[in-house]
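Report on the structure given below.
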Amino acid sequence: MYNLKGKVALVTGAGGERGIGRAIALRLAQEGADVAVNDIHAALAPGSSWGGMAQVVGEIEALGRRSVGIVADIGDATQVQAMIDQVIATFGRIDILINNAAARAGRDRVPVVELDEADWDRVQRINAKGTFLCSQAAARAMLADPTSARGGRIINIASTAGKNGSARYAAYCASKFAVVGFTQSLAQELAPHGINVNAVCPSLVVTERIDDIATALAPSNLTPEDQRAALITRASGLSPLGRMAEVNDVSALAAFLASSESDYLTGLAISVAGGGQMH
């Protein structure tokens, strides 16, 4: 559908089996891009049947595209710069950055009066600071190469929680509101150079993260499994289309924003919520 041949993309947080990052990486490869994938770990826990980043790299290569997996902590400026340098060294350029990596739900999903400062900082470090560091390093690389700058793309995976706050989600909402504001500012700065910057704002998506959220939010009278089922039921009911968002819903929009079909779109925060949120 979109011609991304000759383009080089980097997708952060792409090592999960059922995650948005993997779905976007594979979709960009299907559209013709060579794709570097990043995660904070090369593989999942020992004993897991899923191969982590290496498996995603293999899937991309099976589509006839080049790929490399890069382990890096996106909250660390030195590691982020080394990651961008490795992308350039491997592929010669970077055209598309997908800021997808996000903090796992955990002890931050509590009322503000119970929220520990360290948990607040952890979420901001990954979601907000990580988006800033990766965007800064990628933008510098694009600007240094005029052929990458014109048509360059930075796509930030935010959330509908970056538009509306929710109880017990203060740290997460604050981080995603920050991503939306950062997207608008960066879009204005990079527009004169032909680089478009947009945010994708999914509602709750069917990924591994649901398990983390269910565990974090489950009250004492519910098991995490029961809480997971309740989350899915509630999320499906909020959408006029009658279902939760799926990873392919997000990857389809990311592919469009990465393509020349979106040349006149920048600074947007587009909800992928099945009508559950319309702004």
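Each chain in the structure tokens gets a letter, A, B, ..., in the order shown, and its residues are numbered from 1; ligands are numbered from 1 in order too.
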Practice prompt. Enumerate, as JSON, numbers by chain, the complete set of residues in stretch 166-270 of chain A that a backbone-based DSSP assignment places in helix (DSSP H, G or I).
Written response: {"A": [170, 171, 172, 173, 174, 175, 176, 177, 178, 179, 180, 181, 182, 183, 184, 185, 186, 187, 188, 189, 190, 191, 192, 193, 209, 210, 211, 212, 213, 214, 215, 216, 217, 224, 225, 226, 227, 228, 229, 230, 231, 232, 233, 234, 235, 236, 237, 238, 247, 248, 249, 250, 251, 252, 253, 254, 255, 256, 257, 258, 260, 261, 262]}
Fill in: Residues within 8 Å of A:Ala102, only C-alpha atoms, excluding chain neighbours under 5 positions, as number ranges by chain
A: 13, 123, 126-127
Fill in: Distance query stretch 136-142 of chain A at most 8 Å, only C-alpha atoms, self and fewer than 6 positions along chain excluded, as number ranges by chain
A: 80-81, 84, 93-95, 97, 148-149, 152
Output all heavy atoms of each residue in that selection to a file, as a short mmCIF file (atom, residue, chain, number, x, y, z; two decimals), in the first residue's frame.
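Generated output (part26.cif):
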data_model
loop_
_atom_site.label_atom_id
_atom_site.label_comp_id
_atom_site.auth_asym_id
_atom_site.auth_seq_id
_atom_site.Cartn_x
_atom_site.Cartn_y
_atom_site.Cartn_z
N VAL A 80 21.42 5.83 23.97
CA VAL A 80 20.59 6.26 22.84
C VAL A 80 21.47 6.71 21.68
O VAL A 80 21.24 6.33 20.52
CB VAL A 80 19.63 7.39 23.27
CG1 VAL A 80 19.00 8.05 22.04
CG2 VAL A 80 18.55 6.84 24.18
N GLN A 81 22.49 7.50 21.96
CA GLN A 81 23.38 7.96 20.89
C GLN A 81 24.10 6.80 20.24
O GLN A 81 24.25 6.75 19.01
CB GLN A 81 24.39 8.97 21.43
CG GLN A 81 25.23 9.63 20.33
CD GLN A 81 24.38 10.36 19.31
OE1 GLN A 81 23.62 11.27 19.66
NE2 GLN A 81 24.49 9.97 18.04
N ILE A 84 21.66 5.10 17.81
CA ILE A 84 21.51 5.82 16.55
C ILE A 84 22.78 5.66 15.70
O ILE A 84 22.70 5.45 14.48
CB ILE A 84 21.22 7.31 16.81
CG1 ILE A 84 19.88 7.48 17.54
CG2 ILE A 84 21.21 8.08 15.49
CD1 ILE A 84 18.68 6.98 16.78
N ARG A 93 21.92 5.44 7.12
CA ARG A 93 20.97 6.54 7.25
C ARG A 93 19.88 6.15 8.24
O ARG A 93 19.76 4.99 8.63
CB ARG A 93 20.33 6.88 5.90
CG ARG A 93 19.61 5.68 5.30
CD ARG A 93 19.18 5.88 3.85
NE ARG A 93 18.14 6.88 3.74
CZ ARG A 93 18.20 7.91 2.90
NH1 ARG A 93 19.28 8.07 2.13
NH2 ARG A 93 17.21 8.77 2.81
N ILE A 94 19.06 7.12 8.63
CA ILE A 94 17.82 6.85 9.36
C ILE A 94 16.77 7.81 8.84
O ILE A 94 16.99 9.02 8.76
CB ILE A 94 18.00 6.97 10.89
CG1 ILE A 94 16.66 6.66 11.60
CG2 ILE A 94 18.54 8.33 11.31
CD1 ILE A 94 16.79 6.50 13.10
N ASP A 95 15.64 7.26 8.44
CA ASP A 95 14.57 8.06 7.87
C ASP A 95 13.34 8.13 8.77
O ASP A 95 12.59 9.10 8.73
CB ASP A 95 14.12 7.47 6.52
CG ASP A 95 15.26 7.37 5.53
OD1 ASP A 95 15.65 8.41 4.99
OD2 ASP A 95 15.76 6.25 5.30
N LEU A 97 11.76 7.21 12.73
CA LEU A 97 11.90 6.79 14.12
C LEU A 97 10.52 6.57 14.70
O LEU A 97 9.66 7.45 14.62
CB LEU A 97 12.62 7.86 14.94
CG LEU A 97 12.60 7.66 16.47
CD1 LEU A 97 13.39 6.41 16.87
CD2 LEU A 97 13.12 8.89 17.20
N SER A 148 17.96 12.35 4.15
CA SER A 148 17.09 11.77 5.17
C SER A 148 16.13 12.80 5.71
O SER A 148 14.99 12.48 6.06
CB SER A 148 17.93 11.20 6.32
OG SER A 148 18.65 10.06 5.91
N ALA A 149 16.58 14.05 5.82
CA ALA A 149 15.74 15.09 6.41
C ALA A 149 14.47 15.27 5.60
O ALA A 149 13.36 15.25 6.15
CB ALA A 149 16.51 16.40 6.51
N GLY A 152 11.75 12.86 6.27
CA GLY A 152 11.99 12.20 7.54
C GLY A 152 10.73 12.15 8.39
O GLY A 152 9.84 13.01 8.27
#
Item to complete: Do a neighbour search on A:Gly181 at 12 Å with only C-alpha atoms, toss out local chain neighbours closer than 6 positions, and write the hits as number ranges by chain.
Response: A: 128, 131-132, 156, 158, 162-163, 174-175, 187-188, 197-199, 267-269
Prev. selection, all heavy atoms, output as a CSV table (one decimal), in the first residue's frame:
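Output saved as part.csv:
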chain,number,residue,atom,x,y,z
A,128,ALA,N,8.6,9.8,28.8
A,128,ALA,CA,8.9,11.2,28.4
A,128,ALA,C,10.3,11.5,28.0
A,128,ALA,O,10.6,11.9,26.9
A,128,ALA,CB,8.4,12.2,29.4
A,131,THR,N,11.5,9.4,24.9
A,131,THR,CA,11.0,9.9,23.7
A,131,THR,C,11.8,11.2,23.3
A,131,THR,O,12.2,11.3,22.1
A,131,THR,CB,9.5,10.3,23.8
A,131,THR,OG1,8.8,9.1,24.0
A,131,THR,CG2,9.0,11.0,22.5
A,132,PHE,N,12.1,12.0,24.2
A,132,PHE,CA,13.0,13.2,24.0
A,132,PHE,C,14.4,12.8,23.5
A,132,PHE,O,14.8,13.3,22.4
A,132,PHE,CB,13.1,14.0,25.2
A,132,PHE,CG,14.3,14.9,25.3
A,132,PHE,CD1,14.6,15.9,24.4
A,132,PHE,CD2,15.3,14.6,26.3
A,132,PHE,CE1,15.7,16.7,24.5
A,132,PHE,CE2,16.4,15.4,26.4
A,132,PHE,CZ,16.7,16.4,25.5
A,156,ASN,N,5.6,9.2,17.5
A,156,ASN,CA,5.6,8.9,18.9
A,156,ASN,C,4.4,8.1,19.3
A,156,ASN,O,3.2,8.6,19.0
A,156,ASN,CB,5.7,10.2,19.7
A,156,ASN,CG,7.0,11.0,19.4
A,156,ASN,OD1,8.0,10.4,19.2
A,156,ASN,ND2,6.8,12.3,19.3
A,158,ALA,N,1.9,7.6,21.8
A,158,ALA,CA,1.4,8.2,23.0
A,158,ALA,C,0.3,7.3,23.5
A,158,ALA,O,0.4,6.1,23.7
A,158,ALA,CB,1.0,9.6,22.8
A,162,GLY,N,-3.0,10.3,27.2
A,162,GLY,CA,-2.3,11.6,27.0
A,162,GLY,C,-3.2,12.7,26.6
A,162,GLY,O,-2.8,13.8,26.3
A,163,LYS,N,-4.5,12.4,26.6
A,163,LYS,CA,-5.5,13.4,26.3
A,163,LYS,C,-6.6,13.6,27.4
A,163,LYS,O,-7.1,14.6,27.6
A,163,LYS,CB,-6.3,13.1,25.0
A,163,LYS,CG,-5.4,13.1,23.7
A,163,LYS,CD,-6.2,12.7,22.5
A,163,LYS,CE,-5.3,12.8,21.2
A,163,LYS,NZ,-6.2,12.6,20.0
A,174,ALA,N,0.6,11.8,32.9
A,174,ALA,CA,1.5,12.9,32.8
A,174,ALA,C,2.5,12.7,31.8
A,174,ALA,O,2.9,13.6,31.0
A,174,ALA,CB,2.1,13.2,34.2
A,175,SER,N,3.1,11.5,31.7
A,175,SER,CA,4.1,11.2,30.7
A,175,SER,C,3.6,11.2,29.3
A,175,SER,O,4.3,11.7,28.4
A,175,SER,CB,4.7,9.8,31.0
A,175,SER,OG,3.8,8.7,30.7
A,187,ALA,N,7.4,19.1,16.1
A,187,ALA,CA,6.9,19.3,14.7
A,187,ALA,C,7.1,20.6,14.2
A,187,ALA,O,7.4,20.8,13.0
A,187,ALA,CB,5.4,18.9,14.7
A,188,GLN,N,6.9,21.7,15.0
A,188,GLN,CA,7.1,23.0,14.5
A,188,GLN,C,8.6,23.3,14.2
A,188,GLN,O,8.9,24.0,13.3
A,188,GLN,CB,6.6,24.0,15.5
A,188,GLN,CG,5.1,23.9,15.7
A,188,GLN,CD,4.5,25.0,16.6
A,188,GLN,OE1,4.7,26.2,16.4
A,188,GLN,NE2,3.7,24.6,17.6
A,197,VAL,N,6.5,15.2,12.4
A,197,VAL,CA,6.4,14.6,13.7
A,197,VAL,C,5.0,14.5,14.1
A,197,VAL,O,4.3,15.5,14.2
A,197,VAL,CB,7.2,15.4,14.7
A,197,VAL,CG1,7.3,14.7,16.1
A,197,VAL,CG2,8.6,15.8,14.2
A,198,ASN,N,4.6,13.3,14.4
A,198,ASN,CA,3.2,13.0,14.8
A,198,ASN,C,3.1,12.0,16.0
A,198,ASN,O,4.1,11.3,16.2
A,198,ASN,CB,2.4,12.5,13.7
A,198,ASN,CG,2.1,13.5,12.6
A,198,ASN,OD1,1.3,14.5,12.8
A,198,ASN,ND2,2.7,13.4,11.4
A,199,ALA,N,2.0,12.0,16.7
A,199,ALA,CA,1.8,11.1,17.8
A,199,ALA,C,0.6,10.2,17.4
A,199,ALA,O,-0.4,10.6,16.9
A,199,ALA,CB,1.6,11.8,19.1
A,267,GLY,N,2.4,17.4,13.7
A,267,GLY,CA,2.0,17.9,14.9
A,267,GLY,C,0.7,17.3,15.5
A,267,GLY,O,0.1,17.9,16.4
A,268,LEU,N,0.2,16.3,14.9
A,268,LEU,CA,-1.1,15.7,15.2
A,268,LEU,C,-0.9,14.6,16.3
A,268,LEU,O,0.2,14.0,16.5
A,268,LEU,CB,-1.7,15.0,14.0
A,268,LEU,CG,-2.0,15.9,12.8
A,268,LEU,CD1,-2.7,15.1,11.7
A,268,LEU,CD2,-2.9,17.1,13.2
A,269,ALA,N,-2.0,14.4,17.1
A,269,ALA,CA,-2.0,13.3,18.1
A,269,ALA,C,-3.3,12.6,17.7
A,269,ALA,O,-4.4,13.0,18.1
A,269,ALA,CB,-2.1,13.9,19.5
Fill in: stretch 18-56 of chain A: residues DSSP assigns to strand (DSSP E), reported as a PyMOL selection string
chain A and resi 34-39
Identify, on the basis of only C-alpha atoms, every residue whose closest approach to A:Ala72 does not exceed 9 Å; exclude the query and any residue fewer than 5 positions from it along the same chain; express the result as an mmCIF file with C-alpha atoms, in the first residue's frame.
data_model
loop_
_atom_site.group_PDB
_atom_site.id
_atom_site.type_symbol
_atom_site.label_atom_id
_atom_site.label_comp_id
_atom_site.auth_asym_id
_atom_site.auth_seq_id
_atom_site.Cartn_x
_atom_site.Cartn_y
_atom_site.Cartn_z
ATOM 1 C CA ASN A 38 15.388 -1.969 19.932
ATOM 2 C CA ASP A 39 14.568 -3.242 23.396
ATOM 3 C CA ILE A 40 16.152 -3.043 26.817
ATOM 4 C CA HIS A 41 16.751 -6.814 26.779
ATOM 5 C CA GLN A 79 23.078 4.428 25.053
ATOM 6 C CA VAL A 80 20.592 6.260 22.838
ATOM 7 C CA ALA A 82 25.198 4.655 20.498
ATOM 8 C CA MET A 83 21.968 3.113 19.173
#
